[in-house]
file target_35.txt (compact mmCIF, C-alpha atoms)
# COMPACT_ATOMS: atom_id res chain seq x y z
CA MET A 1 103.34 30.79 179.18
CA ASN A 2 102.43 34.21 180.55
CA ILE A 3 104.74 36.95 181.76
CA TYR A 4 103.76 39.73 184.16
CA LEU A 5 104.36 43.30 182.98
CA PRO A 6 104.82 45.38 186.17
CA ILE A 7 104.00 48.83 184.80
CA ALA A 8 101.15 47.68 182.56
CA GLU A 9 99.92 45.55 185.49
CA ILE A 10 98.81 42.69 183.24
CA SER A 11 99.92 39.17 182.41
CA ILE A 12 100.36 38.44 178.72
CA ASN A 13 101.53 35.48 176.68
CA ILE A 14 105.32 35.68 176.21
CA TYR A 15 105.12 33.91 172.84
CA LEU A 16 102.63 36.49 171.58
CA LEU A 17 105.01 39.31 172.55
CA LEU A 18 107.98 37.56 170.94
CA THR A 19 105.98 37.03 167.76
CA LEU A 20 104.99 40.71 167.70
CA GLY A 21 108.60 41.78 168.24
CA LEU A 22 109.91 39.49 165.51
CA SER A 23 107.23 40.73 163.10
CA ILE A 24 107.96 44.40 163.84
CA GLY A 25 111.71 43.87 163.41
CA PHE A 26 111.20 41.82 160.25
CA LEU A 27 109.04 44.52 158.63
CA SER A 28 111.47 47.22 159.76
CA GLY A 29 114.36 45.36 158.18
CA LEU A 30 112.53 44.81 154.90
CA PHE A 31 111.28 48.36 154.44
CA GLY A 32 113.76 50.47 156.40
CA ILE A 33 111.08 51.82 158.74
CA GLY A 34 111.29 52.33 162.49
CA GLY A 35 108.30 50.09 163.08
CA GLY A 36 106.70 52.41 165.64
CA PHE A 37 103.57 53.01 163.60
CA ILE A 38 102.96 49.25 163.57
CA ALA A 39 104.19 48.43 167.10
CA SER A 40 101.79 50.68 169.03
CA PRO A 41 98.53 49.50 167.43
CA LEU A 42 99.62 45.85 167.55
CA LEU A 43 100.42 46.12 171.27
CA ILE A 44 97.03 47.72 171.93
CA LEU A 45 95.27 44.96 169.99
CA ALA A 46 97.25 42.40 172.04
CA GLY A 47 95.74 43.84 175.23
CA VAL A 48 98.46 46.24 176.40
CA PRO A 49 96.97 49.48 177.85
CA ALA A 50 97.11 52.32 175.30
CA THR A 51 99.39 54.67 177.25
CA ILE A 52 101.80 51.84 178.08
CA ALA A 53 101.90 50.85 174.40
CA VAL A 54 102.77 54.44 173.43
CA GLY A 55 105.52 54.87 176.03
CA THR A 56 107.09 51.46 175.46
CA THR A 57 107.03 51.86 171.68
CA THR A 58 108.93 55.13 172.10
CA ILE A 59 111.90 53.40 173.73
CA GLN A 60 111.80 50.68 171.06
CA VAL A 61 111.92 53.38 168.36
CA PHE A 62 114.87 55.01 170.13
CA ALA A 63 116.77 51.70 170.28
CA SER A 64 116.18 50.88 166.60
CA SER A 65 116.86 54.38 165.21
CA SER A 66 120.01 54.98 167.29
CA THR A 67 121.73 51.98 165.69
CA GLY A 68 121.13 53.37 162.21
CA ALA A 69 122.04 56.90 163.29
CA ILE A 70 125.46 55.78 164.58
CA ASN A 71 126.12 54.05 161.26
CA HIS A 72 125.29 57.22 159.29
CA LEU A 73 127.32 59.37 161.68
CA GLN A 74 130.38 57.28 160.87
CA LYS A 75 129.69 57.80 157.16
CA LYS A 76 129.19 61.57 157.73
CA ASN A 77 125.71 61.47 156.22
CA VAL A 78 124.11 63.76 158.82
CA ASP A 79 123.34 67.43 158.16
CA PHE A 80 123.84 68.79 161.69
CA GLN A 81 122.70 72.26 160.69
CA MET A 82 119.38 70.90 159.42
CA VAL A 83 118.91 68.44 162.27
CA GLY A 84 119.45 71.24 164.81
CA PHE A 85 116.34 73.08 163.58
CA LEU A 86 114.38 69.82 163.27
CA ILE A 87 115.18 69.01 166.91
CA LEU A 88 114.27 72.56 168.00
CA GLY A 89 110.77 72.13 166.58
CA GLY A 90 110.68 68.49 167.64
CA PHE A 91 111.34 69.35 171.30
CA ALA A 92 108.37 71.74 171.42
CA GLY A 93 106.13 69.24 169.62
CA THR A 94 107.16 66.37 171.90
CA VAL A 95 106.40 68.35 175.06
CA ILE A 96 102.92 69.23 173.76
CA GLY A 97 102.35 65.64 172.57
CA VAL A 98 103.30 64.07 175.93
CA TYR A 99 101.12 66.45 177.96
CA SER A 100 98.26 66.00 175.47
CA LEU A 101 98.51 62.24 176.04
CA LYS A 102 98.29 62.84 179.80
CA ALA A 103 95.28 65.17 179.45
CA ILE A 104 93.33 62.83 177.16
CA ASN A 105 94.23 59.80 179.27
CA ALA A 106 92.62 61.54 182.25
CA THR A 107 89.29 61.56 180.37
CA GLY A 108 89.35 57.77 180.05
CA LEU A 109 88.95 57.97 176.27
CA ILE A 110 92.58 57.59 175.24
CA GLU A 111 92.07 54.22 173.53
CA ASN A 112 89.26 55.63 171.36
CA TYR A 113 91.42 58.57 170.26
CA LEU A 114 94.39 56.33 169.48
CA TYR A 115 92.24 53.78 167.63
CA ILE A 116 90.89 56.56 165.40
CA PHE A 117 94.33 58.07 164.82
CA TYR A 118 96.11 54.78 164.09
CA ALA A 119 93.28 53.53 161.87
CA THR A 120 93.39 56.74 159.85
CA ILE A 121 97.16 56.93 159.40
CA LEU A 122 97.53 53.19 158.69
CA SER A 123 94.71 53.24 156.13
CA LEU A 124 96.22 56.20 154.30
CA THR A 125 99.66 54.57 154.35
CA ALA A 126 98.29 51.25 153.06
CA LEU A 127 96.30 52.90 150.27
CA PHE A 128 99.34 54.91 149.19
CA ILE A 129 101.56 51.78 149.10
CA LEU A 130 98.97 49.79 147.13
CA TYR A 131 98.41 52.70 144.74
CA GLU A 132 102.14 53.01 144.04
CA ALA A 133 102.49 49.25 143.60
CA ALA A 134 99.56 49.16 141.16
CA LYS A 135 100.95 52.09 139.20
CA GLU A 136 104.33 50.42 138.87
CA ASN A 137 102.67 47.22 137.63
CA VAL A 138 100.75 49.10 134.91
CA LYS A 139 103.70 50.95 133.45
CA LYS A 140 107.21 52.08 134.18
CA ARG A 141 107.81 55.71 134.92
CA LYS A 142 108.96 57.71 131.92
CA GLY A 143 111.42 60.60 132.01
CA LYS A 144 112.60 62.57 134.97
CA PHE A 145 110.46 64.30 137.56
CA LYS A 146 111.14 66.91 140.18
CA LEU A 147 111.77 65.69 143.66
CA HIS A 148 110.10 68.75 145.10
CA ALA A 149 108.16 71.79 144.01
CA HIS A 150 108.36 75.25 145.48
CA SER A 151 105.44 76.03 147.76
CA TRP A 152 104.47 78.53 150.44
CA ILE A 153 107.03 77.02 152.79
CA HIS A 154 109.83 78.31 150.55
CA GLY A 155 108.50 81.86 150.89
CA LEU A 156 109.01 81.96 154.65
CA PRO A 157 111.48 84.55 156.05
CA LEU A 158 114.88 84.05 157.75
CA LYS A 159 116.48 82.01 154.97
CA ILE A 160 119.94 80.57 155.51
CA LYS A 161 122.29 78.27 153.61
CA PHE A 162 122.32 74.62 154.59
CA ARG A 163 125.71 73.74 153.13
CA LYS A 164 125.57 69.98 153.65
CA SER A 165 122.22 69.68 151.89
CA LYS A 166 122.95 72.51 149.42
CA LEU A 167 119.75 74.37 150.25
CA TYR A 168 118.79 78.00 150.80
CA ILE A 169 115.52 77.94 152.75
CA SER A 170 113.87 79.48 155.81
CA ILE A 171 114.77 78.08 159.22
CA PHE A 172 111.03 77.90 159.90
CA ALA A 173 110.60 75.11 157.33
CA PRO A 174 112.53 72.41 159.26
CA VAL A 175 111.26 73.79 162.58
CA ILE A 176 107.61 73.37 161.48
CA ILE A 177 108.21 69.86 160.13
CA GLY A 178 110.18 68.92 163.25
CA PHE A 179 107.34 70.20 165.43
CA PHE A 180 104.76 67.90 163.84
CA ILE A 181 107.11 64.90 164.00
CA GLY A 182 107.72 65.64 167.69
CA LEU A 183 103.99 65.98 168.31
CA LEU A 184 103.48 62.60 166.64
CA THR A 185 106.24 61.00 168.72
CA GLY A 186 105.06 62.41 172.04
CA PHE A 187 101.39 61.58 171.57
CA THR A 188 101.54 58.20 169.81
CA GLY A 189 105.06 56.81 170.25
CA ILE A 190 105.52 56.74 166.46
CA GLY A 191 109.00 57.85 165.39
CA GLY A 192 107.58 59.42 162.25
CA GLY A 193 110.36 58.40 159.87
CA PHE A 194 107.87 57.26 157.22
CA ILE A 195 106.49 60.83 157.22
CA LEU A 196 109.71 62.76 157.89
CA VAL A 197 111.71 61.28 155.00
CA PRO A 198 109.17 62.25 152.28
CA CYS A 199 108.84 65.73 153.84
CA MET A 200 112.60 66.22 153.75
CA ILE A 201 112.82 65.12 150.12
CA TYR A 202 109.68 66.58 148.57
CA ILE A 203 109.11 69.69 150.73
CA LEU A 204 112.57 70.76 151.86
CA GLY A 205 114.31 69.39 148.76
CA MET A 206 117.13 67.56 150.56
CA THR A 207 119.35 65.14 148.68
CA THR A 208 118.92 61.44 149.40
CA VAL A 209 122.59 61.23 150.39
CA SER A 210 122.03 62.95 153.73
CA VAL A 211 118.27 62.63 154.20
CA ILE A 212 118.25 59.14 155.79
CA GLY A 213 121.09 59.88 158.22
CA THR A 214 119.58 63.25 159.18
CA SER A 215 116.16 61.66 159.66
CA LEU A 216 117.51 58.85 161.85
CA PHE A 217 119.58 61.25 163.98
CA ASN A 218 116.53 63.49 164.49
CA ILE A 219 114.28 60.55 165.40
CA THR A 220 116.91 59.26 167.86
CA VAL A 221 117.14 62.57 169.71
CA VAL A 222 113.40 63.34 169.65
CA SER A 223 112.45 59.82 170.77
CA LEU A 224 114.99 60.07 173.62
CA ILE A 225 113.40 63.36 174.71
CA SER A 226 110.00 61.65 174.53
CA VAL A 227 111.23 58.67 176.58
CA ILE A 228 112.44 60.99 179.36
CA LEU A 229 109.20 63.00 179.34
CA GLN A 230 107.01 59.86 179.25
CA VAL A 231 108.81 58.54 182.34
CA LEU A 232 108.53 61.84 184.23
CA VAL A 233 105.03 62.89 183.14
CA ASN A 234 103.04 59.77 182.25
CA LYS A 235 105.08 56.99 183.91
CA ASN A 236 104.05 54.68 181.07
CA LEU A 237 107.25 52.84 180.12
CA ASP A 238 107.23 49.14 180.89
CA PHE A 239 110.90 48.18 180.66
CA VAL A 240 110.18 44.42 180.81
CA LEU A 241 108.00 44.78 177.71
CA ALA A 242 110.55 47.11 176.10
CA ILE A 243 113.41 44.62 176.54
CA ILE A 244 111.34 41.80 175.01
CA LEU A 245 110.43 43.97 172.03
CA ILE A 246 113.97 45.29 171.47
CA VAL A 247 115.58 41.82 171.59
CA SER A 248 112.95 40.08 169.44
CA SER A 249 112.73 42.95 166.90
CA SER A 250 116.52 42.88 166.53
CA LEU A 251 116.32 39.18 165.66
CA GLY A 252 113.51 39.92 163.21
CA ALA A 253 115.54 42.66 161.51
CA ALA A 254 118.53 40.30 161.21
CA LEU A 255 116.30 37.65 159.64
CA ALA A 256 114.94 40.20 157.15
CA SER A 257 118.44 41.19 156.07
CA ARG A 258 119.09 37.57 155.06
CA LEU A 259 115.85 37.14 153.14
CA ILE A 260 115.40 40.53 151.49
CA GLU A 261 117.38 39.60 148.37
CA LYS A 262 115.26 36.49 147.81
CA ILE A 263 111.89 38.26 147.81
CA LYS A 264 110.43 40.21 144.91
CA ILE A 265 110.06 43.86 145.92
CA ASP A 266 106.76 44.34 144.05
CA THR A 267 105.18 41.35 145.78
CA LEU A 268 106.57 42.57 149.10
CA LYS A 269 105.03 46.03 148.71
CA GLU A 270 101.60 44.65 147.95
CA ALA A 271 101.74 42.21 150.86
CA PHE A 272 102.86 44.97 153.21
CA GLY A 273 100.08 47.28 152.04
CA PHE A 274 97.40 44.60 152.61
CA LEU A 275 98.90 43.74 156.02
CA ILE A 276 98.66 47.37 157.17
CA LEU A 277 95.09 47.54 155.82
CA ILE A 278 94.18 44.45 157.87
CA ILE A 279 95.66 45.99 161.05
CA SER A 280 93.71 49.18 160.36
CA SER A 281 90.50 47.18 159.87
CA LEU A 282 91.03 45.38 163.19
CA LEU A 283 91.43 48.74 164.95
CA ILE A 284 88.21 50.03 163.40
CA TYR A 285 86.43 46.81 164.43
CA GLU A 286 87.67 47.12 168.02
CA LEU A 287 86.50 50.73 168.09
CA LEU A 288 82.99 49.99 166.79
CA ARG A 289 82.20 46.54 168.19
CA THR A 290 79.77 46.07 171.05
CA PRO A 291 81.60 45.49 174.37
CA ILE A 292 81.46 41.92 175.70
CA TYR A 293 80.40 43.11 179.12
CA LEU A 294 77.63 45.68 179.13
CA GLN A 295 76.68 47.61 182.23
CA THR A 296 73.35 49.31 182.76
CA ILE A 297 72.40 51.90 185.32
CA ASP A 298 68.83 51.88 186.59
CA ILE A 299 67.44 55.12 187.96
CA LEU A 300 65.07 54.59 190.86
call {"tool": "encode", "arguments": {"input": "target_35.txt", "output": "C-alpha cells"}}
result
Amino acid sequence: MNIYLPIAEISINIYLLLTLGLSIGFLSGLFGIGGGFIASPLLILAGVPATIAVGTTTIQVFASSSTGAINHLQKKNVDFQMVGFLILGGFAGTVIGVYSLKAINATGLIENYLYIFYATILSLTALFILYEAAKENVKKRKGKFKLHAHSWIHGLPLKIKFRKSKLYISIFAPVIIGFFIGLLTGFTGIGGGFILVPCMIYILGMTTVSVIGTSLFNITVVSLISVILQVLVNKNLDFVLAIILIVSSSLGAALASRLIEKIKIDTLKEAFGFLILIISSLLIYELLRTPIYLQTIDIL
C-alpha cells in the first residue's frame, strides 16, 4: 500500500516507511543515538528526494532529542552556561548549513554531495565501532586513562569558569564545536550527538554527569532552529513523512528498551558496525552505478 507525500511529491510504500522508522527508533534506543545519521541516508536510498530527507530528518531529530532533554532538565543534568555558548556557535553554523544546502541543491548535484558525505561519515563510524569491539575482545583495558588531553583549544583566550562542569576554558572552545555541529545539522539533518558527546568529553573535558543532558539540550535547540530555517528557506519538510517516522521510531525505541537487557553488548556493537558499513556500501554503489535510463545528445 502506497502513501502520497505532498511535499516530496512522490508515492512510497507505507510499510517500507514504517519499517525504516521502527529500525531507526530501535537502533536509537539500543545505542542512545539520535538516529539522524542513519535516517537521512536510509530515506534517500528508499527514494525520498535528498533535500526532503534532510529537512524531515531534522524534525525527527528534534522530536527524539527533546524527550531526552526534558528528562535531563528535570534531573538538573544540563550545564546552561556551556550550552549557551554551544548554541551561539550552533546558530551560526546552522544558518550557513541551511543556505549551503539551498545553494548546492540549485546545482542539481545535491544527492551526489550527500552520498559522498554520508558514505564517508558512516564508514568512519563503522570502522571505529568495529575497531573498538575487536580491541575489547582481544583484551580488557588495564589501568586508568585520561578522558582528555590538553591541546591548542585550551590555549584560546577569554577563559571563564564553567561551574557546573568544573572547567576553566575559553568560550571559543564550545562556540567552535557548536558551530560545526550546527553546520552538520543544517546541511545534512544529522543531530550530531554521536560527534558532540565525544568532543565534550575528550576535547572540552566535561564530566559524564552533565555531558549527555547538555548535548541533548543543545541538539534540541539547534535542530529546532534548523527546522524553522528549513521551512522558511528550503521548504523541504514533509510533515506526513515526519509524523510516520516519529510515531514508528517511538515504537522502535520502546521495543529496544525491553530487549536491551537480553542482548550481549559486544555482539550488538559488532552487528551495528557491520550494519552501518552495509548502508555506507549501498550509498557508494548508488553513487557509482550506471543510471538505468541513459540519455544521449546528438549534435547535428
call {"tool": "residues_around", "arguments": {"input": "target_35.txt", "residues": "Gly182 of chain A", "least_positions_apart": "6", "cutoff": "10 Å", "atoms": "all atoms listed in the file", "output": "number ranges by chain"}}
result
A: 86-98, 176, 188-192, 218-219, 222-223, 225-226
call {"tool": "write_last_selection", "arguments": {"input": "target_35.txt", "atoms": "C-alpha atoms", "output": "tab-separated table (two decimals), keeping the file's coordinate frame"}}
result
chain	number	residue	atom	x	y	z
A	86	LEU	CA	114.38	69.82	163.27
A	87	ILE	CA	115.18	69.01	166.91
A	88	LEU	CA	114.27	72.56	168.00
A	89	GLY	CA	110.77	72.13	166.58
A	90	GLY	CA	110.68	68.49	167.64
A	91	PHE	CA	111.34	69.35	171.30
A	92	ALA	CA	108.37	71.74	171.42
A	93	GLY	CA	106.13	69.24	169.62
A	94	THR	CA	107.16	66.37	171.90
A	95	VAL	CA	106.40	68.35	175.06
A	96	ILE	CA	102.92	69.23	173.76
A	97	GLY	CA	102.35	65.64	172.57
A	98	VAL	CA	103.30	64.07	175.93
A	176	ILE	CA	107.61	73.37	161.48
A	188	THR	CA	101.54	58.20	169.81
A	189	GLY	CA	105.06	56.81	170.25
A	190	ILE	CA	105.52	56.74	166.46
A	191	GLY	CA	109.00	57.85	165.39
A	192	GLY	CA	107.58	59.42	162.25
A	218	ASN	CA	116.53	63.49	164.49
A	219	ILE	CA	114.28	60.55	165.40
A	222	VAL	CA	113.40	63.34	169.65
A	223	SER	CA	112.45	59.82	170.77
A	225	ILE	CA	113.40	63.36	174.71
A	226	SER	CA	110.00	61.65	174.53
call {"tool": "atom_distance", "arguments": {"input": "target_35.txt", "atom1": "atom CA of Asn112 of chain A", "atom2": "atom CA of Gly47 of chain A"}}
result
14.0 Å
call {"tool": "closest_residue", "arguments": {"input": "target_35.txt", "among": "A:Gly273, A:Pro198, A:Gly186, A:Gly213", "to": "His72 of chain A", "atoms": "only C-alpha atoms"}}
result
A:Gly213
call {"tool": "residues_around", "arguments": {"input": "target_35.txt", "residues": "Phe117 of chain A", "least_positions_apart": "2", "cutoff": "12 Å", "atoms": "only C-alpha atoms", "output": "ChimeraX atom specification"}}
result
/A:37,40-41,110-115,119-124,184,187-188,190,280,283-284,287
call {"tool": "write_last_selection", "arguments": {"input": "target_35.txt", "atoms": "C-alpha atoms", "output": "tab-separated table (two decimals), in the frame of the given file"}}
result
chain	number	residue	atom	x	y	z
A	37	PHE	CA	103.57	53.01	163.60
A	40	SER	CA	101.79	50.68	169.03
A	41	PRO	CA	98.53	49.50	167.43
A	110	ILE	CA	92.58	57.59	175.24
A	111	GLU	CA	92.07	54.22	173.53
A	112	ASN	CA	89.26	55.63	171.36
A	113	TYR	CA	91.42	58.57	170.26
A	114	LEU	CA	94.39	56.33	169.48
A	115	TYR	CA	92.24	53.78	167.63
A	119	ALA	CA	93.28	53.53	161.87
A	120	THR	CA	93.39	56.74	159.85
A	121	ILE	CA	97.16	56.93	159.40
A	122	LEU	CA	97.53	53.19	158.69
A	123	SER	CA	94.71	53.24	156.13
A	124	LEU	CA	96.22	56.20	154.30
A	184	LEU	CA	103.48	62.60	166.64
A	187	PHE	CA	101.39	61.58	171.57
A	188	THR	CA	101.54	58.20	169.81
A	190	ILE	CA	105.52	56.74	166.46
A	280	SER	CA	93.71	49.18	160.36
A	283	LEU	CA	91.43	48.74	164.95
A	284	ILE	CA	88.21	50.03	163.40
A	287	LEU	CA	86.50	50.73	168.09
call {"tool": "atom_distance", "arguments": {"input": "target_35.txt", "atom1": "atom CA of Phe85 of chain A", "atom2": "atom CA of Tyr118 of chain A"}}
result
27.3 Å
call {"tool": "residues_around", "arguments": {"input": "target_35.txt", "residues": "segment 62-65 of chain A", "least_positions_apart": "3", "cutoff": "9 Å", "atoms": "only C-alpha atoms", "output": "PyMOL selection string"}}
result
chain A and resi 25+34-35+57-59+68-70+191+216-217+219-224+227+246+249-250
call {"tool": "closest_residue", "arguments": {"input": "target_35.txt", "among": "A:Ile116, A:Val233, A:Gln81, A:Leu43", "to": "Lys161 of chain A", "atoms": "only C-alpha atoms"}}
result
A:Gln81
call {"tool": "atom_distance", "arguments": {"input": "target_35.txt", "atom1": "atom CA of Thr67 of chain A", "atom2": "atom CA of Phe274 of chain A"}}
result
28.6 Å
call {"tool": "closest_residue", "arguments": {"input": "target_35.txt", "among": "A:Leu275, A:Leu245, A:Val61, A:Ile38", "to": "Leu17 of chain A", "atoms": "all atoms listed in the file"}}
result
A:Leu245
call {"tool": "axis_aligned_box", "arguments": {"input": "target_35.txt", "around": "segment 225-228 of chain A", "padding_each_side": "3 Å", "output": "lines of an AutoDock Vina configuration file"}}
result
center_x = 111.7
center_y = 61.0
center_z = 176.9
size_x = 9.4
size_y = 10.7
size_z = 10.8
call {"tool": "closest_residue", "arguments": {"input": "target_35.txt", "among": "A:Leu241, A:Ile278, A:Leu130, A:Leu229", "to": "Ile10 of chain A", "atoms": "all atoms listed in the file"}}
result
A:Leu241
call {"tool": "closest_residue", "arguments": {"input": "target_35.txt", "among": "A:Leu101, A:Gly155, A:Pro6, A:Glu270", "to": "Ala134 of chain A", "atoms": "only C-alpha atoms"}}
result
A:Glu270
call {"tool": "build_atoms", "arguments": {"input": "target_35.txt", "residues": "segment 200-217 of chain A", "atoms": "N, CA, C and O atoms", "output": "mmCIF file, in the frame of the given file"}}
result
data_model
loop_
_atom_site.group_PDB
_atom_site.id
_atom_site.type_symbol
_atom_site.label_atom_id
_atom_site.label_comp_id
_atom_site.auth_asym_id
_atom_site.auth_seq_id
_atom_site.Cartn_x
_atom_site.Cartn_y
_atom_site.Cartn_z
ATOM 1 N N MET A 200 111.260 65.696 153.968
ATOM 2 C CA MET A 200 112.600 66.220 153.750
ATOM 3 C C MET A 200 112.984 66.216 152.279
ATOM 4 O O MET A 200 113.682 67.108 151.797
ATOM 5 N N ILE A 201 112.487 65.225 151.546
ATOM 6 C CA ILE A 201 112.820 65.120 150.120
ATOM 7 C C ILE A 201 111.933 66.026 149.273
ATOM 8 O O ILE A 201 112.420 66.829 148.482
ATOM 9 N N TYR A 202 110.615 65.911 149.475
ATOM 10 C CA TYR A 202 109.680 66.580 148.570
ATOM 11 C C TYR A 202 109.337 68.013 148.981
ATOM 12 O O TYR A 202 108.968 68.825 148.139
ATOM 13 N N ILE A 203 109.425 68.331 150.274
ATOM 14 C CA ILE A 203 109.110 69.690 150.730
ATOM 15 C C ILE A 203 110.366 70.527 150.896
ATOM 16 O O ILE A 203 110.471 71.630 150.349
ATOM 17 N N LEU A 204 111.336 70.000 151.644
ATOM 18 C CA LEU A 204 112.570 70.760 151.860
ATOM 19 C C LEU A 204 113.506 70.671 150.663
ATOM 20 O O LEU A 204 114.285 71.588 150.413
ATOM 21 N N GLY A 205 113.455 69.556 149.930
ATOM 22 C CA GLY A 205 114.310 69.390 148.760
ATOM 23 C C GLY A 205 115.694 68.862 149.080
ATOM 24 O O GLY A 205 116.644 69.085 148.327
ATOM 25 N N MET A 206 115.827 68.121 150.194
ATOM 26 C CA MET A 206 117.130 67.560 150.560
ATOM 27 C C MET A 206 117.528 66.435 149.630
ATOM 28 O O MET A 206 116.685 65.755 149.042
ATOM 29 N N THR A 207 118.835 66.234 149.498
ATOM 30 C CA THR A 207 119.350 65.140 148.680
ATOM 31 C C THR A 207 119.255 63.832 149.461
ATOM 32 O O THR A 207 119.359 63.815 150.681
ATOM 33 N N THR A 208 119.059 62.735 148.741
ATOM 34 C CA THR A 208 118.920 61.440 149.400
ATOM 35 C C THR A 208 120.211 60.978 150.078
ATOM 36 O O THR A 208 120.195 60.057 150.877
ATOM 37 N N VAL A 209 121.315 61.613 149.777
ATOM 38 C CA VAL A 209 122.590 61.230 150.390
ATOM 39 C C VAL A 209 122.568 61.465 151.891
ATOM 40 O O VAL A 209 123.029 60.646 152.677
ATOM 41 N N SER A 210 122.022 62.602 152.308
ATOM 42 C CA SER A 210 122.030 62.950 153.730
ATOM 43 C C SER A 210 120.670 62.831 154.395
ATOM 44 O O SER A 210 120.577 62.960 155.615
ATOM 45 N N VAL A 211 119.611 62.595 153.623
ATOM 46 C CA VAL A 211 118.270 62.630 154.200
ATOM 47 C C VAL A 211 118.033 61.490 155.199
ATOM 48 O O VAL A 211 117.440 61.709 156.262
ATOM 49 N N ILE A 212 118.493 60.279 154.901
ATOM 50 C CA ILE A 212 118.250 59.140 155.790
ATOM 51 C C ILE A 212 119.005 59.309 157.107
ATOM 52 O O ILE A 212 118.441 59.127 158.190
ATOM 53 N N GLY A 213 120.295 59.682 157.010
ATOM 54 C CA GLY A 213 121.090 59.880 158.220
ATOM 55 C C GLY A 213 120.554 61.003 159.085
ATOM 56 O O GLY A 213 120.494 60.889 160.317
ATOM 57 N N THR A 214 120.144 62.107 158.449
ATOM 58 C CA THR A 214 119.580 63.250 159.180
ATOM 59 C C THR A 214 118.270 62.870 159.837
ATOM 60 O O THR A 214 118.001 63.234 160.988
ATOM 61 N N SER A 215 117.436 62.109 159.120
ATOM 62 C CA SER A 215 116.160 61.660 159.660
ATOM 63 C C SER A 215 116.357 60.754 160.875
ATOM 64 O O SER A 215 115.715 60.931 161.917
ATOM 65 N N LEU A 216 117.256 59.785 160.755
ATOM 66 C CA LEU A 216 117.510 58.850 161.850
ATOM 67 C C LEU A 216 118.071 59.555 163.083
ATOM 68 O O LEU A 216 117.698 59.250 164.212
ATOM 69 N N PHE A 217 118.986 60.518 162.851
ATOM 70 C CA PHE A 217 119.580 61.250 163.980
ATOM 71 C C PHE A 217 118.496 62.066 164.680
ATOM 72 O O PHE A 217 118.439 62.119 165.922
#
